[in-house]
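A.B. asks: Can you read through this structure? Questions will come right after.
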There are 2 protein chains.
Amino acid sequence: MSDAAAQYLAQNREQHIAQLVDFLRIPSISALSAHKPDIRKAAEWLAQALAGSGLENVAILETSGNPVVYADHLHAPGKPTVLIYGHYDVQPVDPLNLWVTAPFEPSLRDGRIYARGSSDDKGQTYMHVKALEALIRTGELGVNVKLCIEGEEEIGSVHLVPFVEQNAKLLAADTLVISDSSIFSADQPAICYGLRGLCALQLDLITANSDLHSGTYGGAVPNANHALVELLATLHGKDGTVQVAGFYDDVKPLSGEERAAYAALPHDDEAYRQTLALPALHGEVGYSTLERSSARPTLEINGIYGGFQGEGTKTVIPAQAHAKITCRLVDHQDPERVLDLIEGHLRQNCPEGAAISLTRIDKGRPFLTSLESPAIQTAAAAYEAGWGVKPLFTRMGGSIPIVEPLARILQVPVVLMGFGLDSDNLHAPNEHFELANYDRGLTTLIHFYTHLQAVR
Amino acid sequence: MSDAAAQYLAQNREQHIAQLVDFLRIPSISALSAHKPDIRKAAEWLAQALAGSGLENVAILETSGNPVVYADHLHAPGKPTVLIYGHYDVQPVDPLNLWVTAPFEPSLRDGRIYARGSSDDKGQTYMHVKALEALIRTGELGVNVKLCIEGEEEIGSVHLVPFVEQNAKLLAADTLVISDSSIFSADQPAICYGLRGLCALQLDLITANSDLHSGTYGGAVPNANHALVELLATLHGKDGTVQVAGFYDDVKPLSGEERAAYAALPHDDEAYRQTLALPALHGEVGYSTLERSSARPTLEINGIYGGFQGEGTKTVIPAQAHAKITCRLVDHQDPERVLDLIEGHLRQNCPEGAAISLTRIDKGRPFLTSLESPAIQTAAAAYEAGWGVKPLFTRMGGSIPIVEPLARILQVPVVLMGFGLDSDNLHAPNEHFELANYDRGLTTLIHFYTHLQAVR
């Protein structure tokens, strides 16, 4: 690895962390339209940071939604080109009252940086910027790089696919690197070779034109909450399986080899349960925890709401009730087909007296890549340089819906080089990023960029 | 009836309606602590109005909660004393977006006054004030009256019972009159002789200390929404019955006579369904609509909420989910015992991996009164004077939890002289009060107060 680049990073560490804190202060929540100006602010901040790091052709490129920030550094003719994908948008922050420090007032404590986006994905994206800056400033960047940092990952990357289709030439590369995933544990790096897909829908149920008084009408008319509860309770069996007919049709049974590989991973259910402070684990009978959370599909009710939520009591029969549902998909499950099946199930089981309407939201296909690409082998050696141990190869339970279309449109092998931890509280209160992972990750990235030139 | 009082009301009608509009402008929502100052404002407004109407000894009497507004007029020695109970607090207004005009900007249209509290119960309480004003101003008030108007009816009248116990002498009367109920239909008055009781609880369910990412953990850990839905779905059977063991133990089977009386009431299920714009009626199999909504007990889920409710998607596994539950009770059902049974049911059916905590909120016993009291007979004659038809005698599905303890503590016969309609949208968006009922109701009240002196 490059000693000069490492020295540069060490000398500038404090200033770099302070810059990251500035980035994390911007509440760039893509799911909430009130934060549109913050999305723009984050894109502008990032563009300035890229230019300040010595990257070139920095541009805020418009899409039909949130803009993409592009930059490149193409001064290594005959050497490979790496495309780096990341995202500068973040998840919503509610329930806000459960945050120890405010989500957009980054707090450095216990060797961590606490803030929404610290791990997912501003922090990890920022590491690439600083690794590249170190290599550029020390004259040691020996590959060509392009960065494509989007602002809609947390809402399904809806406008990025047409953007990539239209800009395939601009984004053409030999390897696509994405740091938006987790390693196995603090001391055990891992390279992710599989992601679950995602599909989402909103269920709106209505039983009347208006809420009704529960004294006057109670007993005589339908209650939207009762209908919703009855309907949603049909989605899962007591054994944790999804009860939507056909849901598992396109799921490949795990092979004996795959199950053996899962069983060989260092994992302790009891420690996992305790870390999460759960009274019990729960899921599909017949599969291990790691299988359930990365190789099996799920259907989750992410939100329910209907009727009165204020203090005390309101004796009302609600006319409307709602649910937000997402699925994690694996193997050959097609998001549209799964949504068709769920829609059919919900319509068939809709209680009498209730009418439902369904809105499909975002979706992404599952992703699995080969472990044999030279870039993945370089990444493995780089992790060993960063952590001092060989990385595991794992499948991740989360989704980066854009990975599958990016790989397909750009016809490029993908390396998922994550530096987060599953325990970073992604999408939850008190999201944080381990500074140890930041440091080891930078070492890893310097090694990766330095050695990639040999393996085109 | 008193022609002079009627003439006084006719001459001042416009000004009286304008005053009522002022009263309705005050957002005196007792369920929401942010509205505490509005509660005080409504009490002060009412006290001024009472004094302005010629009532005496007007006082805002403190309780451990919201104050009681008291006034009297005791210049008819040897004549009966009527205690008038009402309430100046109102229900919350959400969902606000379904109101055609703002709930606290009263709107006069289609012969109605639209505002929160217009029917329940500011409008009906105000009618007594104006009827008494007319009789006082024309020198024709021939009975003694006391008014006890509270500010916590919509939150269970929690502090009124000790208040009445401590002030039993102040409130002593021969008859208690309450106008907080409905007549049968616009052209068919009714005297209510039965009220359902009420009990309420909040269910808080927890599966983890923090929300978790549905990608990383989905499939491996419990989801609070799933547990809530599974638990709540056990509360009702497909036949509309409440599935809590013992729930119906203290419910008297309807006698053949009672069922015949119900069947004789003018009611059309299809017209009722159309009026409410419902796709279907729904309830306990084996009972008619009117039986279900007034003589049978219910369990309603008034509110559910858990996880993400914002725009779009949040791929989260919620750690907490909540429900608000109320029951309407009949006959000998005891609110505490029913809450014990529900609590037992919920604890027994709580899914593995979830913990629940239950908070009991307000409660009131069911109420049934004899039809034989002279005051009820005077009220019947008064309705006939107001509407030109004899009133029906009906049981009401709603609850006025304070009625049972008021009757018990003060040892006084109760007359429920309502002037609302079930279709007034009580507790719902677009609450309104028919001005025709206001006018006929005033005629009824003048007749009632004038003739009551004869029937001590």
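Lettering and numbering for the structure tokens are positional, with chains as A, B, ... in the shown order, residues counted from 1 in each chain, and ligands counted from 1 in the shown order.
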Could you pull out the residues in segment 160-342 of chain B that DSSP calls strand (DSSP E or B) from the backbone, as a VMD selection string?
C.D. replies: chain B and resid 175 to 178 182 to 183 185 188 190 to 195 197 to 206 212 to 213 236 242 298 to 307 316 to 317 320 to 329
A.B. asks: I'd like the contact shell of Leu171 of chain B - 8 Å cut-off, only C-alpha atoms, skipping same-chain residues fewer than 3 positions apart - returned as an mmCIF file with C-alpha atoms, in the first residue's frame.
C.D. replies:
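To be explicit, this is the file written out as result27.cif:
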```
data_model
loop_
_atom_site.group_PDB
_atom_site.id
_atom_site.type_symbol
_atom_site.label_atom_id
_atom_site.label_comp_id
_atom_site.auth_asym_id
_atom_site.auth_seq_id
_atom_site.Cartn_x
_atom_site.Cartn_y
_atom_site.Cartn_z
ATOM 1 C CA LEU B 83 -80.555 20.132 38.315
ATOM 2 C CA LYS B 146 -79.337 24.585 39.352
ATOM 3 C CA CYS B 148 -73.744 21.895 36.813
ATOM 4 C CA VAL B 164 -70.487 15.683 43.318
ATOM 5 C CA ASN B 167 -71.030 19.055 46.837
ATOM 6 C CA ALA B 168 -74.079 16.824 47.211
ATOM 7 C CA LEU B 410 -77.744 12.553 44.444
#
```
A.B. asks: Identify, on the basis of only C-alpha atoms, every residue whose closest approach to Phe247 of chain A does not exceed 10 Å; exclude the query and any residue fewer than 6 positions from it along the same chain; express the result as a VMD selection string.
C.D. replies: chain A and resid 241 297 to 299 329 333 337 to 342
A.B. asks: I'd like the interatomic distance between atom CA of Leu368 of chain B and atom CA of Gly420 of chain B, to a tenth of an Å.
C.D. replies: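 Answer for the atom CA of Leu368 of chain B to atom CA of Gly420 of chain B separation: 19.7 Å.
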A.B. asks: Would you give me, as a short mmCIF file (atom, residue, chain, number, x, y, z; two decimals) with N, CA and C atoms, in the first residue's frame, the residues in segment 21-260 of chain A that DSSP reads as alpha helix (DSSP H)?
C.D. replies:
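Written out: result.cif:
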```cif
data_model
loop_
_atom_site.label_atom_id
_atom_site.label_comp_id
_atom_site.auth_asym_id
_atom_site.auth_seq_id
_atom_site.Cartn_x
_atom_site.Cartn_y
_atom_site.Cartn_z
N VAL A 21 -18.57 15.56 9.51
CA VAL A 21 -19.60 16.08 10.41
C VAL A 21 -20.46 17.13 9.70
N ASP A 22 -19.81 18.00 8.93
CA ASP A 22 -20.57 19.00 8.16
C ASP A 22 -21.55 18.34 7.19
N PHE A 23 -21.05 17.30 6.53
CA PHE A 23 -21.87 16.58 5.54
C PHE A 23 -23.09 15.96 6.25
N LEU A 24 -22.83 15.40 7.42
CA LEU A 24 -23.88 14.70 8.16
C LEU A 24 -24.91 15.65 8.77
N ARG A 25 -24.54 16.91 8.89
CA ARG A 25 -25.48 17.89 9.44
C ARG A 25 -26.65 18.16 8.50
N LYS A 36 -36.70 18.53 0.38
CA LYS A 36 -36.16 18.76 -0.97
C LYS A 36 -34.98 19.73 -0.96
N PRO A 37 -35.11 20.87 -0.27
CA PRO A 37 -33.97 21.82 -0.28
C PRO A 37 -32.72 21.21 0.35
N ASP A 38 -32.90 20.33 1.32
CA ASP A 38 -31.74 19.70 1.97
C ASP A 38 -31.04 18.70 1.04
N ILE A 39 -31.84 18.07 0.20
CA ILE A 39 -31.28 17.17 -0.82
C ILE A 39 -30.34 17.97 -1.72
N ARG A 40 -30.82 19.10 -2.17
CA ARG A 40 -30.02 19.97 -3.05
C ARG A 40 -28.76 20.44 -2.32
N LYS A 41 -28.96 20.80 -1.05
CA LYS A 41 -27.83 21.28 -0.26
C LYS A 41 -26.76 20.20 -0.12
N ALA A 42 -27.19 18.97 0.10
CA ALA A 42 -26.24 17.86 0.26
C ALA A 42 -25.49 17.60 -1.05
N ALA A 43 -26.22 17.67 -2.17
CA ALA A 43 -25.57 17.47 -3.47
C ALA A 43 -24.52 18.55 -3.71
N GLU A 44 -24.88 19.79 -3.36
CA GLU A 44 -23.94 20.89 -3.56
C GLU A 44 -22.72 20.77 -2.64
N TRP A 45 -22.99 20.37 -1.41
CA TRP A 45 -21.88 20.17 -0.46
C TRP A 45 -20.92 19.11 -1.01
N LEU A 46 -21.50 18.02 -1.50
CA LEU A 46 -20.68 16.91 -1.98
C LEU A 46 -19.87 17.32 -3.22
N ALA A 47 -20.53 18.06 -4.12
CA ALA A 47 -19.82 18.51 -5.33
C ALA A 47 -18.61 19.36 -4.95
N GLN A 48 -18.80 20.27 -4.01
CA GLN A 48 -17.68 21.11 -3.55
C GLN A 48 -16.58 20.26 -2.93
N ALA A 49 -16.96 19.27 -2.13
CA ALA A 49 -15.98 18.41 -1.47
C ALA A 49 -15.18 17.63 -2.51
N LEU A 50 -15.85 17.14 -3.56
CA LEU A 50 -15.17 16.37 -4.60
C LEU A 50 -14.15 17.25 -5.32
N ALA A 51 -14.59 18.47 -5.66
CA ALA A 51 -13.67 19.38 -6.33
C ALA A 51 -12.48 19.69 -5.42
N GLY A 52 -12.76 19.90 -4.14
CA GLY A 52 -11.71 20.20 -3.18
C GLY A 52 -10.74 19.04 -2.99
N LYS A 122 -23.65 8.26 3.76
CA LYS A 122 -22.75 9.41 3.61
C LYS A 122 -21.34 9.07 4.10
N GLY A 123 -21.25 8.41 5.27
CA GLY A 123 -19.95 8.10 5.84
C GLY A 123 -19.12 7.21 4.93
N GLN A 124 -19.74 6.17 4.39
CA GLN A 124 -19.00 5.24 3.54
C GLN A 124 -18.64 5.86 2.20
N THR A 125 -19.56 6.68 1.65
CA THR A 125 -19.26 7.38 0.40
C THR A 125 -18.08 8.33 0.59
N TYR A 126 -18.12 9.03 1.72
CA TYR A 126 -17.09 10.01 2.04
C TYR A 126 -15.70 9.37 2.14
N MET A 127 -15.62 8.11 2.60
CA MET A 127 -14.33 7.42 2.71
C MET A 127 -13.65 7.30 1.34
N HIS A 128 -14.45 7.00 0.30
CA HIS A 128 -13.87 6.93 -1.05
C HIS A 128 -13.30 8.29 -1.45
N VAL A 129 -14.04 9.35 -1.14
CA VAL A 129 -13.58 10.68 -1.52
C VAL A 129 -12.22 10.96 -0.87
N LYS A 130 -12.10 10.61 0.41
CA LYS A 130 -10.85 10.90 1.13
C LYS A 130 -9.72 9.98 0.69
N ALA A 131 -10.02 8.71 0.39
CA ALA A 131 -8.99 7.80 -0.11
C ALA A 131 -8.45 8.30 -1.45
N LEU A 132 -9.39 8.73 -2.31
CA LEU A 132 -8.97 9.24 -3.62
C LEU A 132 -8.18 10.54 -3.46
N GLU A 133 -8.63 11.41 -2.57
CA GLU A 133 -7.90 12.66 -2.31
C GLU A 133 -6.45 12.36 -1.91
N ALA A 134 -6.29 11.39 -1.00
CA ALA A 134 -4.95 11.04 -0.52
C ALA A 134 -4.08 10.55 -1.67
N LEU A 135 -4.66 9.73 -2.54
CA LEU A 135 -3.89 9.19 -3.67
C LEU A 135 -3.59 10.29 -4.71
N ILE A 136 -4.57 11.17 -4.94
CA ILE A 136 -4.35 12.26 -5.91
C ILE A 136 -3.29 13.22 -5.38
N ARG A 137 -3.42 13.63 -4.11
CA ARG A 137 -2.51 14.63 -3.54
C ARG A 137 -1.07 14.11 -3.45
N LEU A 160 -32.73 6.80 -11.17
CA LEU A 160 -31.33 6.53 -11.54
C LEU A 160 -31.23 5.58 -12.74
N VAL A 161 -32.18 4.65 -12.86
CA VAL A 161 -32.08 3.69 -13.96
C VAL A 161 -32.12 4.40 -15.32
N PRO A 162 -33.15 5.25 -15.57
CA PRO A 162 -33.11 5.98 -16.85
C PRO A 162 -31.87 6.88 -16.97
N PHE A 163 -31.42 7.44 -15.86
CA PHE A 163 -30.22 8.27 -15.89
C PHE A 163 -29.01 7.45 -16.36
N VAL A 164 -28.87 6.25 -15.81
CA VAL A 164 -27.73 5.41 -16.17
C VAL A 164 -27.85 4.95 -17.62
N GLU A 165 -29.09 4.64 -18.03
CA GLU A 165 -29.30 4.24 -19.43
C GLU A 165 -28.86 5.35 -20.38
N GLN A 166 -29.25 6.59 -20.01
CA GLN A 166 -28.91 7.72 -20.87
C GLN A 166 -27.44 8.12 -20.79
N ALA A 168 -24.78 5.91 -20.15
CA ALA A 168 -24.00 4.68 -20.05
C ALA A 168 -22.55 4.92 -20.48
N LYS A 169 -22.37 5.80 -21.45
CA LYS A 169 -21.01 6.05 -21.93
C LYS A 169 -20.20 6.83 -20.88
N LEU A 170 -20.85 7.85 -20.32
CA LEU A 170 -20.18 8.63 -19.27
C LEU A 170 -19.75 7.75 -18.12
N LEU A 171 -20.59 6.76 -17.79
CA LEU A 171 -20.36 5.94 -16.60
C LEU A 171 -19.60 4.65 -16.90
N ALA A 224 -62.85 0.15 10.49
CA ALA A 224 -61.71 -0.02 9.58
C ALA A 224 -60.52 -0.68 10.28
N ASN A 225 -60.31 -0.37 11.55
CA ASN A 225 -59.20 -1.01 12.27
C ASN A 225 -59.42 -2.52 12.40
N HIS A 226 -60.67 -2.91 12.69
CA HIS A 226 -60.94 -4.35 12.81
C HIS A 226 -60.68 -5.05 11.48
N ALA A 227 -61.15 -4.42 10.40
CA ALA A 227 -60.97 -5.03 9.08
C ALA A 227 -59.48 -5.12 8.73
N LEU A 228 -58.72 -4.07 9.05
CA LEU A 228 -57.29 -4.06 8.74
C LEU A 228 -56.56 -5.16 9.50
N VAL A 229 -56.86 -5.26 10.77
CA VAL A 229 -56.22 -6.25 11.64
C VAL A 229 -56.55 -7.67 11.14
N GLU A 230 -57.81 -7.88 10.81
CA GLU A 230 -58.23 -9.19 10.33
C GLU A 230 -57.50 -9.54 9.03
N LEU A 231 -57.40 -8.53 8.15
CA LEU A 231 -56.76 -8.75 6.85
C LEU A 231 -55.26 -8.99 7.01
N LEU A 232 -54.60 -8.15 7.78
CA LEU A 232 -53.14 -8.27 7.91
C LEU A 232 -52.75 -9.55 8.65
N GLY A 256 -27.23 -27.98 -0.09
CA GLY A 256 -26.50 -28.49 1.08
C GLY A 256 -25.20 -27.72 1.27
N GLU A 257 -24.57 -27.37 0.18
CA GLU A 257 -23.31 -26.62 0.23
C GLU A 257 -23.53 -25.22 0.84
N GLU A 258 -24.59 -24.57 0.38
CA GLU A 258 -24.88 -23.24 0.89
C GLU A 258 -25.21 -23.29 2.39
N ARG A 259 -25.99 -24.29 2.77
CA ARG A 259 -26.36 -24.40 4.19
C ARG A 259 -25.12 -24.68 5.04
N ALA A 260 -24.22 -25.49 4.50
CA ALA A 260 -22.97 -25.77 5.24
C ALA A 260 -22.15 -24.49 5.39
#
```
A.B. asks: In Å, rounded to a single decimal, give me how far atom CA of Thr444 of chain A is from atom CA of Ala172 of chain A.
C.D. replies: 24.0 Å
A.B. asks: Which residues of segment 132-179 of chain A sit at most 12 Å from segment 196-218 of chain A, using only C-alpha atoms? Give each one's shortest atom pair and distance in Å (one decimal place), in chain and ascending residue order, as a tab-separated table.
C.D. replies:
```
residue	atom	partner	partner_atom	distance
A:Glu154	CA	A:Leu198	CA	11.6
A:Ile155	CA	A:Ala200	CA	10.3
A:Gly156	CA	A:Leu198	CA	8.7
A:Ser157	CA	A:Leu198	CA	11.7
```
A.B. asks: Pick from B:Pro279, B:Pro253, B:Pro401, B:Pro27: nearest to chain A, with only C-alpha atoms counted?
C.D. replies: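 Ranking B:Pro279, B:Pro253, B:Pro401, B:Pro27 by distance to chain A, first place goes to B:Pro279.
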A.B. asks: I want to know what sits within 8 Å of Leu32 of chain B, based on only C-alpha atoms, with residues of the same chain fewer than 6 positions away left out; could you give that as a ChimeraX atom specification?
C.D. replies: /A:310-312 /B:92
